[in-house]
>>> print(open('entry_27.txt').read())   # compact mmCIF, C-alpha atoms and all ligand atoms
# COMPACT_ATOMS: atom_id res chain seq x y z
CA MET A 1149 11.83 -1.99 16.43
CA LEU A 1150 10.80 0.60 13.83
CA VAL A 1151 8.60 -1.43 11.51
CA SER A 1152 4.82 -1.10 11.51
CA THR A 1153 2.83 -4.00 12.94
CA THR A 1154 0.23 -3.78 10.17
CA HIS A 1155 2.79 -5.09 7.64
CA THR A 1156 4.69 -8.34 7.51
CA SER A 1157 8.02 -7.40 9.02
CA PRO A 1158 11.33 -8.14 7.30
CA PHE A 1159 12.33 -9.38 10.76
CA SER A 1160 9.67 -12.12 10.81
CA PRO A 1161 10.59 -15.77 10.12
CA LEU A 1162 10.37 -17.35 6.67
CA ARG A 1163 9.99 -20.98 5.70
CA LEU A 1164 11.87 -22.20 2.62
CA GLY A 1165 11.26 -25.88 1.89
CA PRO A 1166 12.76 -27.82 4.80
CA VAL A 1167 14.42 -24.75 6.35
CA THR A 1168 13.01 -21.98 8.55
CA LEU A 1169 14.89 -18.68 8.54
CA ARG A 1170 14.85 -16.43 11.60
CA ASN A 1171 14.08 -13.35 9.46
CA ARG A 1172 13.87 -12.31 5.80
CA PHE A 1173 17.39 -10.93 5.30
CA ILE A 1174 19.71 -13.05 3.15
CA LYS A 1175 23.34 -12.23 2.42
CA ALA A 1176 23.48 -12.50 -1.36
CA GLY A 1177 26.33 -14.51 -2.88
CA ALA A 1178 29.19 -12.04 -3.40
CA ASN A 1179 32.46 -13.64 -4.50
CA GLU A 1180 34.62 -13.14 -1.43
CA GLY A 1181 38.02 -13.69 -3.08
CA MET A 1182 39.09 -15.50 0.11
CA THR A 1183 40.10 -18.85 -1.35
CA PRO A 1184 43.61 -17.98 -2.61
CA ASP A 1185 44.74 -21.56 -3.26
CA GLY A 1186 41.28 -22.88 -4.05
CA MET A 1187 40.75 -23.58 -0.35
CA PRO A 1188 38.45 -21.71 2.05
CA THR A 1189 40.48 -19.64 4.51
CA LYS A 1190 39.99 -18.38 8.06
CA ALA A 1191 39.19 -15.00 6.50
CA LEU A 1192 36.26 -16.57 4.65
CA VAL A 1193 35.00 -18.15 7.87
CA LYS A 1194 35.30 -14.81 9.69
CA HIS A 1195 33.52 -12.96 6.87
CA HIS A 1196 30.47 -15.21 7.12
CA ARG A 1197 30.56 -15.50 10.90
CA ASP A 1198 30.52 -11.70 11.16
CA VAL A 1199 27.54 -11.43 8.82
CA ALA A 1200 25.72 -14.17 10.74
CA ALA A 1201 26.47 -12.48 14.07
CA GLY A 1202 25.28 -9.24 12.49
CA GLY A 1203 21.74 -10.54 12.17
CA VAL A 1204 21.08 -11.99 8.71
CA ALA A 1205 18.93 -15.10 8.59
CA MET A 1206 21.09 -16.80 5.99
CA THR A 1207 24.50 -16.07 4.52
CA THR A 1208 25.44 -17.30 1.06
CA VAL A 1209 28.96 -18.48 0.29
CA ALA A 1210 29.49 -17.35 -3.29
CA TYR A 1211 30.75 -19.06 -6.37
CA GLY A 1212 31.21 -22.67 -5.37
CA ALA A 1213 32.25 -24.13 -8.72
CA VAL A 1214 30.79 -27.58 -9.33
CA SER A 1215 33.98 -28.79 -11.06
CA PRO A 1216 37.48 -27.51 -11.90
CA GLN A 1217 36.13 -26.51 -15.35
CA GLY A 1218 33.33 -24.56 -13.64
CA ARG A 1219 35.76 -21.98 -12.22
CA THR A 1220 36.14 -18.59 -13.86
CA PHE A 1221 39.66 -18.05 -12.54
CA LEU A 1222 42.27 -20.05 -10.70
CA HIS A 1223 41.83 -18.82 -7.15
CA GLN A 1224 38.30 -20.10 -6.76
CA PHE A 1225 37.28 -23.24 -4.98
CA TYR A 1226 35.46 -26.15 -6.52
CA LEU A 1227 33.50 -28.70 -4.56
CA SER A 1228 35.65 -31.64 -3.51
CA ARG A 1229 35.98 -33.88 -0.43
CA GLU A 1230 38.94 -31.81 0.75
CA VAL A 1231 37.01 -28.54 0.57
CA VAL A 1232 34.12 -30.03 2.56
CA ARG A 1233 36.25 -30.22 5.74
CA HIS A 1234 37.03 -26.50 5.53
CA LEU A 1235 33.48 -25.51 4.67
CA ARG A 1236 32.26 -27.46 7.71
CA VAL A 1237 34.24 -25.05 9.91
CA LEU A 1238 32.43 -22.18 8.20
CA THR A 1239 28.91 -23.63 8.54
CA ASP A 1240 29.56 -24.49 12.21
CA ALA A 1241 30.62 -20.87 12.84
CA VAL A 1242 27.52 -19.53 11.07
CA HIS A 1243 25.19 -21.89 12.93
CA ALA A 1244 26.76 -20.90 16.25
CA GLU A 1245 25.55 -17.36 15.52
CA GLY A 1246 22.00 -18.59 14.89
CA ALA A 1247 21.99 -18.12 11.10
CA ALA A 1248 21.62 -20.56 8.24
CA ALA A 1249 24.25 -21.11 5.57
CA CYS A 1250 23.70 -21.35 1.82
CA LEU A 1251 26.22 -22.40 -0.81
CA GLN A 1252 25.98 -20.93 -4.28
CA ILE A 1253 26.74 -23.70 -6.77
CA THR A 1254 27.74 -22.65 -10.23
CA HIS A 1255 29.59 -23.22 -13.47
CA GLY A 1256 31.17 -20.44 -15.52
CA GLY A 1257 30.74 -22.11 -18.92
CA SER A 1258 32.65 -19.97 -21.40
CA PHE A 1259 33.05 -17.13 -18.87
CA THR A 1260 36.42 -18.38 -17.76
CA ALA A 1261 40.04 -17.30 -17.80
CA LEU A 1262 41.12 -20.96 -17.60
CA ARG A 1263 41.85 -22.90 -20.77
CA PRO A 1264 40.45 -26.44 -20.58
CA SER A 1265 42.54 -29.35 -21.90
CA SER A 1266 40.20 -29.55 -24.91
CA GLY A 1267 41.18 -25.95 -25.72
CA ARG A 1268 37.62 -24.58 -25.82
CA PRO A 1269 35.42 -23.98 -22.79
CA GLN A 1270 31.83 -25.18 -23.13
CA SER A 1271 28.71 -23.08 -23.43
CA ALA A 1272 25.24 -23.14 -24.97
CA SER A 1273 26.60 -22.34 -28.44
CA SER A 1274 29.88 -22.49 -30.32
CA GLY A 1275 31.69 -19.45 -31.63
CA PHE A 1276 33.67 -16.41 -30.49
CA ASN A 1277 34.32 -16.27 -26.74
CA ALA A 1278 34.19 -12.58 -25.77
CA PHE A 1279 35.51 -13.03 -22.21
CA GLY A 1280 37.88 -15.87 -23.09
CA PHE A 1281 39.39 -13.68 -25.81
CA LEU A 1282 40.79 -11.40 -23.09
CA HIS A 1283 42.62 -14.44 -21.75
CA GLY A 1284 43.75 -15.83 -25.10
CA ILE A 1285 40.86 -18.31 -25.39
CA LEU A 1286 39.27 -17.27 -28.64
CA LEU A 1287 36.57 -19.89 -29.14
CA GLN A 1288 33.94 -21.81 -27.20
CA GLN A 1289 32.22 -25.13 -27.83
CA ALA A 1290 28.49 -25.93 -27.75
CA MET A 1291 27.57 -28.59 -25.19
CA SER A 1292 26.12 -31.88 -26.39
CA GLU A 1293 23.22 -33.48 -24.52
CA THR A 1294 25.73 -35.89 -22.96
CA ASP A 1295 27.72 -32.89 -21.70
CA MET A 1296 24.54 -31.46 -20.19
CA TYR A 1297 23.73 -34.67 -18.30
CA ARG A 1298 27.30 -34.76 -17.00
CA VAL A 1299 27.26 -31.15 -15.81
CA ALA A 1300 23.78 -31.54 -14.27
CA GLY A 1301 25.26 -34.51 -12.37
CA GLU A 1302 28.14 -32.29 -11.20
CA PHE A 1303 25.62 -29.77 -9.80
CA ALA A 1304 23.83 -32.61 -7.98
CA GLN A 1305 27.11 -33.95 -6.58
CA ALA A 1306 28.14 -30.45 -5.47
CA ALA A 1307 24.82 -30.16 -3.61
CA VAL A 1308 25.46 -33.50 -1.88
CA LEU A 1309 28.87 -32.22 -0.77
CA ALA A 1310 27.24 -28.96 0.39
CA ARG A 1311 24.95 -31.02 2.59
CA GLU A 1312 27.93 -32.95 3.99
CA ALA A 1313 29.60 -29.61 4.72
CA GLY A 1314 26.61 -28.61 6.85
CA PHE A 1315 24.88 -26.12 4.55
CA ASP A 1316 21.15 -25.56 4.97
CA ALA A 1317 20.56 -24.46 1.40
CA VAL A 1318 22.09 -24.31 -2.04
CA GLU A 1319 21.57 -21.62 -4.64
CA ILE A 1320 21.96 -22.61 -8.29
CA HIS A 1321 23.45 -19.63 -10.15
CA MET A 1322 21.45 -19.01 -13.31
CA GLY A 1323 22.29 -15.33 -13.74
CA HIS A 1324 24.95 -12.78 -14.61
CA GLY A 1325 26.45 -14.49 -17.68
CA TYR A 1326 27.54 -17.84 -16.22
CA LEU A 1327 26.80 -21.20 -17.86
CA LEU A 1328 23.08 -21.52 -17.04
CA ASN A 1329 22.50 -17.89 -18.02
CA GLN A 1330 24.38 -18.64 -21.26
CA PHE A 1331 21.59 -21.16 -21.94
CA LEU A 1332 18.75 -18.88 -20.78
CA SER A 1333 19.85 -15.78 -22.68
CA PRO A 1334 18.98 -15.34 -26.37
CA LEU A 1335 22.24 -13.35 -26.62
CA THR A 1336 24.32 -16.48 -26.07
CA ASN A 1337 21.99 -19.40 -26.85
CA ARG A 1338 21.72 -19.81 -30.61
CA ARG A 1339 20.83 -23.51 -30.51
CA VAL A 1340 18.31 -24.92 -32.93
CA ASP A 1341 17.66 -28.12 -30.93
CA SER A 1342 15.20 -28.52 -28.03
CA TYR A 1343 17.57 -26.63 -25.66
CA GLY A 1344 17.24 -23.39 -27.63
CA GLY A 1345 14.69 -21.43 -29.63
CA SER A 1346 11.85 -20.48 -27.29
CA THR A 1347 12.19 -19.36 -23.66
CA GLU A 1348 10.88 -22.82 -22.73
CA GLY A 1349 13.64 -24.44 -24.79
CA ARG A 1350 16.35 -22.21 -23.34
CA SER A 1351 15.09 -23.00 -19.82
CA ARG A 1352 15.27 -26.75 -20.37
CA PHE A 1353 18.86 -27.36 -19.29
CA PRO A 1354 18.65 -25.07 -16.21
CA ALA A 1355 15.41 -26.87 -15.23
CA MET A 1356 17.18 -30.22 -15.64
CA VAL A 1357 19.94 -29.02 -13.30
CA LEU A 1358 17.34 -27.93 -10.74
CA ARG A 1359 15.57 -31.31 -10.88
CA ARG A 1360 18.83 -33.22 -10.39
CA VAL A 1361 19.77 -31.03 -7.40
CA LYS A 1362 16.30 -31.38 -5.89
CA GLU A 1363 16.44 -35.18 -6.27
CA ALA A 1364 19.86 -35.23 -4.62
CA VAL A 1365 19.23 -32.97 -1.60
CA GLY A 1366 15.71 -31.50 -1.77
CA ALA A 1367 14.40 -33.40 1.25
CA HIS A 1368 17.11 -31.85 3.44
CA LEU A 1369 18.20 -28.54 1.94
CA ALA A 1370 16.33 -25.56 0.58
CA VAL A 1371 17.11 -25.27 -3.13
CA GLY A 1372 17.06 -21.80 -4.65
CA CYS A 1373 18.01 -20.31 -8.01
CA LYS A 1374 19.49 -16.90 -8.78
CA LEU A 1375 17.81 -15.66 -11.93
CA ASN A 1376 18.32 -12.76 -14.32
CA GLN A 1377 15.11 -10.87 -14.93
CA THR A 1378 17.02 -8.69 -17.35
CA ASP A 1379 20.40 -9.02 -19.05
CA ALA A 1380 20.19 -5.23 -19.43
CA ALA A 1381 21.32 -5.59 -23.03
CA ARG A 1382 19.45 -5.36 -26.31
CA GLY A 1383 18.12 -8.79 -27.32
CA GLY A 1384 18.82 -10.31 -23.90
CA ILE A 1385 16.55 -11.73 -21.23
CA ASP A 1386 13.69 -9.42 -20.25
CA ALA A 1387 11.11 -9.66 -17.47
CA LYS A 1388 8.60 -11.40 -19.75
CA GLN A 1389 11.03 -14.21 -20.53
CA ALA A 1390 12.20 -14.36 -16.92
CA SER A 1391 8.58 -14.80 -15.83
CA VAL A 1392 8.26 -17.85 -18.11
CA THR A 1393 11.50 -19.30 -16.73
CA ALA A 1394 10.42 -18.53 -13.15
CA LYS A 1395 7.19 -20.50 -13.68
CA ILE A 1396 9.20 -23.44 -15.05
CA LEU A 1397 11.53 -23.33 -12.04
CA GLN A 1398 8.52 -23.16 -9.71
CA ASP A 1399 7.02 -26.21 -11.43
CA ASN A 1400 10.32 -28.03 -11.04
CA GLY A 1401 10.38 -27.51 -7.29
CA ALA A 1402 12.59 -24.49 -6.57
CA ASP A 1403 12.07 -23.31 -2.98
CA ILE A 1404 13.00 -19.68 -3.71
CA LEU A 1405 14.19 -17.54 -6.61
CA THR A 1406 16.53 -14.62 -6.03
CA LEU A 1407 15.70 -12.03 -8.68
CA SER A 1408 18.72 -10.24 -10.05
CA GLY A 1409 19.94 -8.86 -13.37
CA GLY A 1410 22.90 -7.57 -15.32
CA HIS A 1411 25.50 -9.45 -17.28
CA ASN A 1412 29.24 -9.84 -16.65
CA ILE A 1413 30.07 -9.13 -20.30
CA PHE A 1414 27.26 -7.02 -21.73
CA SER A 1415 26.26 -4.88 -18.73
CA PRO A 1416 28.27 -5.41 -15.52
CA TRP A 1417 27.18 -2.02 -14.14
CA ALA A 1418 23.57 -3.21 -14.29
CA LEU A 1419 24.28 -5.86 -11.64
CA PHE A 1420 25.05 -3.04 -9.24
CA GLY A 1421 22.83 -0.21 -10.50
CA SER A 1422 25.87 2.08 -10.43
CA PRO A 1423 29.07 2.64 -12.44
CA MET A 1424 31.99 0.24 -12.29
CA PRO A 1425 35.16 1.68 -10.71
CA LEU A 1426 36.84 2.38 -14.05
CA ALA A 1427 39.85 4.26 -12.65
CA ASP A 1428 40.73 1.35 -10.35
CA MET A 1429 40.09 -1.16 -13.12
CA ARG A 1430 42.38 0.72 -15.52
CA ALA A 1431 45.11 0.77 -12.89
CA GLN A 1432 44.87 -2.99 -12.34
CA ALA A 1433 44.38 -4.16 -15.93
CA ARG A 1434 47.19 -6.12 -17.58
CA GLY A 1435 47.68 -7.35 -21.16
CA LEU A 1436 44.49 -7.97 -23.12
CA GLY A 1437 42.53 -7.11 -19.97
CA ARG A 1438 43.11 -3.48 -20.92
CA ILE A 1439 40.91 -4.03 -23.98
CA GLY A 1440 38.17 -5.26 -21.66
CA VAL A 1441 38.36 -2.12 -19.53
CA TRP A 1442 38.41 0.05 -22.66
CA ALA A 1443 35.31 -1.72 -24.01
CA LEU A 1444 33.59 -1.30 -20.65
CA THR A 1445 34.44 2.41 -20.60
CA MET A 1446 32.83 2.77 -24.04
CA GLN A 1447 29.73 0.71 -23.16
CA GLN A 1448 28.89 1.99 -19.70
CA PRO A 1449 26.12 4.63 -19.77
CA LYS A 1450 27.55 8.04 -18.90
CA ALA A 1451 24.65 9.10 -16.69
CA LEU A 1452 24.08 6.22 -14.31
CA ALA A 1453 22.68 7.30 -10.98
CA PHE A 1454 22.16 4.71 -8.24
CA ARG A 1455 18.67 4.30 -6.84
CA GLU A 1456 17.47 1.82 -4.27
CA LEU A 1457 15.67 -1.34 -5.46
CA TYR A 1458 16.76 -0.83 -9.05
CA PHE A 1459 15.25 -4.17 -10.17
CA LEU A 1460 11.86 -3.61 -8.57
CA GLU A 1461 9.95 -2.86 -11.79
CA HIS A 1462 11.19 -6.06 -13.43
CA ALA A 1463 10.58 -8.06 -10.28
CA ARG A 1464 6.94 -6.98 -10.08
CA GLN A 1465 6.34 -8.71 -13.42
CA VAL A 1466 7.94 -11.94 -12.21
CA ARG A 1467 5.96 -11.65 -8.96
CA ARG A 1468 2.72 -11.72 -10.94
CA ALA A 1469 3.78 -14.91 -12.77
CA VAL A 1470 4.53 -17.17 -9.78
CA SER A 1471 3.25 -17.86 -6.27
CA MET A 1472 6.50 -19.28 -4.85
CA PRO A 1473 8.84 -17.42 -2.46
CA LEU A 1474 10.90 -14.72 -4.18
CA ALA A 1475 13.79 -12.67 -2.85
CA LEU A 1476 14.71 -9.36 -4.43
CA VAL A 1477 18.34 -8.32 -4.67
CA GLY A 1478 19.80 -5.03 -5.89
CA GLY A 1479 20.14 -1.82 -3.95
CA VAL A 1480 18.66 -2.62 -0.56
CA LYS A 1481 20.38 0.06 1.51
CA SER A 1482 17.80 1.06 4.11
CA LEU A 1483 15.10 -0.19 6.43
CA ALA A 1484 12.50 1.55 4.27
CA ALA A 1485 13.72 -0.34 1.19
CA ALA A 1486 13.69 -3.68 3.03
CA GLN A 1487 10.15 -3.04 4.23
CA ARG A 1488 9.13 -1.98 0.71
CA VAL A 1489 10.40 -5.30 -0.70
CA ILE A 1490 8.17 -7.18 1.72
CA ASP A 1491 5.21 -4.84 1.19
CA GLU A 1492 5.50 -5.35 -2.58
CA GLY A 1493 4.89 -9.07 -1.98
CA PHE A 1494 8.41 -10.53 -1.99
CA GLU A 1495 9.31 -12.94 0.77
CA GLY A 1496 13.06 -12.33 1.02
CA VAL A 1497 15.40 -9.35 1.09
CA ALA A 1498 18.80 -10.22 -0.38
CA LEU A 1499 21.71 -7.82 -0.07
CA ALA A 1500 25.44 -7.79 -0.63
CA ARG A 1501 27.24 -4.42 -0.55
CA ALA A 1502 25.49 -3.07 2.54
CA LEU A 1503 26.80 -6.13 4.40
CA ILE A 1504 30.30 -5.83 2.95
CA HIS A 1505 30.29 -2.28 4.29
CA ASN A 1506 28.80 -3.28 7.65
CA PRO A 1507 28.29 -6.95 8.55
CA ALA A 1508 26.06 -5.88 11.46
CA PHE A 1509 23.71 -3.90 9.20
CA VAL A 1510 20.66 -6.07 9.93
CA ASN A 1511 21.03 -5.86 13.72
CA ASP A 1512 21.75 -2.16 13.40
CA LEU A 1513 18.49 -1.69 11.48
CA GLN A 1514 16.51 -3.80 13.90
CA ASP A 1515 17.86 -1.98 16.94
CA ALA A 1516 17.40 1.41 15.24
CA ARG A 1517 21.11 2.24 15.40
CA VAL A 1518 20.94 3.13 11.69
CA ILE A 1519 18.16 3.56 9.15
CA SER A 1520 20.33 3.36 6.06
CA SER A 1521 23.68 2.00 4.92
CA GLY A 1522 26.85 4.03 4.57
CA CYS A 1523 27.67 2.09 1.37
CA THR A 1524 28.05 4.57 -1.51
CA SER A 1525 27.67 1.94 -4.28
CA CYS A 1526 31.17 2.87 -5.54
CA ASN A 1527 31.72 -0.83 -6.37
CA ARG A 1528 35.36 -0.76 -5.32
CA CYS A 1529 34.63 -3.86 -3.25
CA VAL A 1530 34.22 -5.71 -6.53
CA MET A 1531 37.95 -5.30 -7.24
CA GLY A 1532 38.62 -7.40 -4.12
CA ILE A 1533 37.41 -10.53 -5.89
CA TYR A 1534 40.84 -10.66 -7.54
CA ASP A 1535 42.79 -9.49 -4.49
CA PRO A 1536 44.55 -12.19 -2.45
CA SER A 1537 43.35 -10.53 0.75
CA GLY A 1538 39.74 -10.67 -0.43
CA VAL A 1539 36.75 -8.38 -0.70
CA ARG A 1540 36.50 -5.44 1.66
CA CYS A 1541 34.80 -2.06 1.79
CA VAL A 1542 37.31 0.67 0.92
CA LEU A 1543 35.29 3.17 2.96
CA ASN A 1544 36.34 1.22 6.04
CA ASP A 1545 40.05 1.69 5.19
CA ASP A 1546 41.54 4.48 7.23
CA ASN A 1547 44.87 4.21 5.37
CA ASP A 1548 43.79 4.94 1.82
CA PRO A 1549 44.69 8.60 1.26
CA GLY A 1550 44.00 8.45 -2.51
CA LEU A 1551 40.43 7.31 -2.03
CA SER A 1552 38.55 10.57 -2.11
CA LYS A 1553 40.52 11.62 -5.19
CA ARG A 1554 39.62 8.39 -6.98
CA LEU A 1555 35.97 8.65 -5.92
CA ALA A 1556 35.96 12.09 -7.51
CA ALA A 1557 37.72 10.81 -10.68
CA ASP A 1558 34.89 8.42 -11.58
C1 LIG B 1 32.15 -7.98 -4.44
C2 LIG B 1 30.95 -8.61 -5.08
C3 LIG B 1 31.03 -9.90 -5.59
C4 LIG B 1 29.91 -10.50 -6.16
N1 LIG B 1 29.98 -11.82 -6.57
C5 LIG B 1 28.84 -12.47 -6.88
C6 LIG B 1 28.84 -13.89 -7.05
O1 LIG B 1 29.86 -14.55 -6.92
N2 LIG B 1 27.66 -14.48 -7.34
C7 LIG B 1 26.49 -13.77 -7.47
O2 LIG B 1 25.45 -14.35 -7.72
N3 LIG B 1 26.47 -12.43 -7.32
C8 LIG B 1 27.59 -11.77 -7.00
N4 LIG B 1 27.55 -10.44 -6.74
C9 LIG B 1 26.29 -9.69 -6.93
C10 LIG B 1 25.49 -9.61 -5.63
O3 LIG B 1 25.01 -10.84 -5.19
C11 LIG B 1 24.26 -8.69 -5.80
O4 LIG B 1 23.44 -9.27 -6.79
C12 LIG B 1 24.64 -7.26 -6.19
O5 LIG B 1 25.76 -6.81 -5.45
C13 LIG B 1 23.47 -6.30 -5.94
O6 LIG B 1 23.07 -6.33 -4.59
P1 LIG B 1 23.47 -5.15 -3.55
O7 LIG B 1 22.93 -3.89 -4.10
O8 LIG B 1 22.81 -5.56 -2.26
O9 LIG B 1 24.95 -5.13 -3.46
C14 LIG B 1 28.67 -9.80 -6.22
C15 LIG B 1 28.61 -8.50 -5.69
C16 LIG B 1 29.72 -7.91 -5.13
C17 LIG B 1 29.60 -6.53 -4.57
>>> encode(input="entry_27.txt", output="structure tokens", more="lines below")
Ligand SMILES: Cc1cc2nc3c(=O)[nH]c(=O)nc-3n(C[C@H](O)[C@H](O)[C@H](O)COP(=O)(O)O)c2cc1C
Amino acid sequence: MLVSTTHTSPFSPLRLGPVTLRNRFIKAGANEGMTPDGMPTKALVKHHRDVAAGGVAMTTVAYGAVSPQGRTFLHQFYLSREVVRHLRVLTDAVHAEGAAACLQITHGGSFTALRPSSGRPQSASSGFNAFGFLHGILLQQAMSETDMYRVAGEFAQAAVLAREAGFDAVEIHMGHGYLLNQFLSPLTNRRVDSYGGSTEGRSRFPAMVLRRVKEAVGAHLAVGCKLNQTDAARGGIDAKQASVTAKILQDNGADILTLSGGHNIFSPWALFGSPMPLADMRAQARGLGRIGVWALTMQQPKALAFRELYFLEHARQVRRAVSMPLALVGGVKSLAAAQRVIDEGFEGVALARALIHNPAFVNDLQDARVISSGCTSCNRCVMGIYDPSGVRCVLNDDNDPGLSKRLAAD
């Protein structure tokens, strides 16, 4: 093993609430696109089994919608009794490889391509629906307090089903522009009641969701939250606000926070610290979706160079505000970066693209077969979310002759 014995090693165990992880590496939730009819497939099971066999301590199944209305598009799964049977196959496969399994539970709010029967998807505030517009859904509706209690109950019920499916942990998605981020972000929460205004007010509904989930499963499952420390957009969440929210989540019993950033609408490139694959997106866009790609092309900074640990500066501020376990996500591509995360005082190392490129990345690091990932941060894997065959690394395709040309085009 290459790591120094004077430091805590990223390969040392970590306790999170009722769960002990075999090391510090966590596969971050990365929408797999492997639930074509809203049902987990064998491909999804294989994806997570491979990552578990490849050495991570815990693998996160992404975007488990807490209700049909919580989906962002049709081919996603939502938690139901029927889905539990299939997810049990997945958790058994992960456990057989010695890893733990986490389910990300989430609700898209107004970030949805699906028109609800009421006509308007719900969010923190009423008004124009920027993402919905691309799918012909012009407006969104502010949630009432009764709506909030109902949706918090859906999160709790989803967590109960996750436990029945054999998961060891759930992660409540509070980042990236989905419903709970729509409450946390001043860009999308314009409420004047006690669920808006200050950072404390905007954190109130997400904290309520956390409490309900903890009450439902906290004795048995680790309960984490994925949090934006920056929306990477003017007037959005910054590290100061995220630190206040992190303290509130700590006080409400979260076992770990995964610190992320970026926003699906205002700054998708910021999630990844590198440009979106505009040429591929243009080729795939249909109808009003073309306007979305055009807007993205206009918005995306021209000079955007990837660097490892691109959220580290923000995360240091949140680190100072709380004493609870924190995982850092965003640009972990090498053993040195993983060790740096731990040395900077974070307990967990969360990563997505390096594992999409090579599911055995963690074992390969530990056994010194590699010191860094071959992932180029081209973000073409992201297009796989919408592909019936699911997410894959295009660099692993040996039958894609146009690839190098397209890499050059962006
Ligand atoms: C294909 C893909 C799909 C993603 N889907 C999700 C998702 O469903 N939920 C989520 O919280 N983050 C999602 N992410 C973001 C990742 O969890 C992570 O925050 C981001 O990729 C940065 O980490 P990395 O540099 O290790 O890839 C996705 C990332 C990728 C590459």
>>> residues_near_ligand(input="entry_27.txt", ligand="ligand LIG 1 (chain B)", cutoff="8 Å", atoms="all atoms listed in the file", output="VMD selection string")
chain A and resid 1175 to 1180 1210 to 1211 1252 1321 1323 to 1324 1374 1408 to 1409 1419 to 1421 1456 to 1457 1477 to 1481 1498 to 1504 1525 1527 to 1533 1539 to 1540
>>> residues_around(input="entry_27.txt", residues="stretch 1189-1206 of chain A", least_positions_apart="4", cutoff="6 Å", atoms="only C-alpha atoms", output="PDB file with C-alpha atoms, in the coordinates of the input")
ATOM      1  CA  LEU A1169      14.890 -18.680   8.540  1.00  0.00           C
ATOM      2  CA  ARG A1170      14.850 -16.430  11.600  1.00  0.00           C
ATOM      3  CA  ASN A1171      14.080 -13.350   9.460  1.00  0.00           C
ATOM      4  CA  PHE A1173      17.390 -10.930   5.300  1.00  0.00           C
ATOM      5  CA  ILE A1174      19.710 -13.050   3.150  1.00  0.00           C
ATOM      6  CA  MET A1182      39.090 -15.500   0.110  1.00  0.00           C
ATOM      7  CA  THR A1183      40.100 -18.850  -1.350  1.00  0.00           C
ATOM      8  CA  LEU A1238      32.430 -22.180   8.200  1.00  0.00           C
ATOM      9  CA  ALA A1241      30.620 -20.870  12.840  1.00  0.00           C
ATOM     10  CA  VAL A1242      27.520 -19.530  11.070  1.00  0.00           C
ATOM     11  CA  GLU A1245      25.550 -17.360  15.520  1.00  0.00           C
ATOM     12  CA  ALA A1247      21.990 -18.120  11.100  1.00  0.00           C
ATOM     13  CA  ALA A1248      21.620 -20.560   8.240  1.00  0.00           C
ATOM     14  CA  ALA A1249      24.250 -21.110   5.570  1.00  0.00           C
ATOM     15  CA  PRO A1507      28.290  -6.950   8.550  1.00  0.00           C
ATOM     16  CA  ALA A1508      26.060  -5.880  11.460  1.00  0.00           C
ATOM     17  CA  VAL A1510      20.660  -6.070   9.930  1.00  0.00           C
ATOM     18  CA  ASN A1511      21.030  -5.860  13.720  1.00  0.00           C
TER      19      ASN A1511
END
>>> closest_residue(input="entry_27.txt", among="A:Leu1251, A:Ile1439, A:Tyr1534, A:Gln1288", to="A:Arg1268", atoms="all atoms listed in the file")
A:Gln1288
>>> atom_distance(input="entry_27.txt", atom1="atom CA of A:Ala1304", atom2="atom CA of A:Phe1353")
13.4 Å
>>> atom_distance(input="entry_27.txt", atom1="atom CA of A:Phe1454", atom2="atom CA of A:Gln1330")
26.8 Å
>>> atom_distance(input="entry_27.txt", atom1="atom CA of A:Val1308", atom2="atom CA of A:Leu1227")
9.7 Å
>>> closest_residue(input="entry_27.txt", among="A:Gly1165, A:Gly1280, A:Gly1186, A:Pro1269", to="A:Leu1235", atoms="only C-alpha atoms")
A:Gly1186
>>> closest_residue(input="entry_27.txt", among="A:Ala1213, A:Met1472, A:Ala1380, A:Ala1402", to="A:Tyr1458", atoms="all atoms listed in the file")
A:Ala1380
>>> residues_around(input="entry_27.txt", residues="A:Gly1522", least_positions_apart="2", cutoff="9 Å", atoms="all atoms listed in the file", output="PDB file with C-alpha atoms, keeping the file's coordinate frame")
ATOM      1  CA  LYS A1481      20.380   0.060   1.510  1.00  0.00           C
ATOM      2  CA  ALA A1502      25.490  -3.070   2.540  1.00  0.00           C
ATOM      3  CA  HIS A1505      30.290  -2.280   4.290  1.00  0.00           C
ATOM      4  CA  ASN A1506      28.800  -3.280   7.650  1.00  0.00           C
ATOM      5  CA  SER A1520      20.330   3.360   6.060  1.00  0.00           C
ATOM      6  CA  THR A1524      28.050   4.570  -1.510  1.00  0.00           C
ATOM      7  CA  LEU A1543      35.290   3.170   2.960  1.00  0.00           C
TER       8      LEU A1543
END
>>> closest_residue(input="entry_27.txt", among="A:Pro1425, A:Gly1437, A:Pro1334, A:Gly1325", to="A:Ile1413", atoms="all atoms listed in the file")
A:Gly1325
>>> residues_near_point(input="entry_27.txt", point="(27.0, -21.7, -18.8)", cutoff="7 Å", atoms="only C-alpha atoms", output="ChimeraX atom specification")
/A:1255-1258,1271-1272,1326-1331
>>> residues_around(input="entry_27.txt", residues="A:Asp1316", least_positions_apart="4", cutoff="8 Å", atoms="all atoms listed in the file", output="PyMOL selection string")
chain A and resi 1167+1248-1250+1311+1368-1370
>>> residues_around(input="entry_27.txt", residues="A:Arg1438", least_positions_apart="4", cutoff="12 Å", atoms="only C-alpha atoms", output="JSON, numbers by chain")
{"A": [1281, 1282, 1283, 1426, 1427, 1428, 1429, 1430, 1431, 1432, 1433, 1434, 1442, 1443, 1444, 1445]}
>>> residues_around(input="entry_27.txt", residues="A:Ala1300", least_positions_apart="3", cutoff="7 Å", atoms="only C-alpha atoms", output="list in words")
Met1296, Tyr1297, Phe1303, Ala1304, Met1356, Val1357 and Arg1360 of chain A
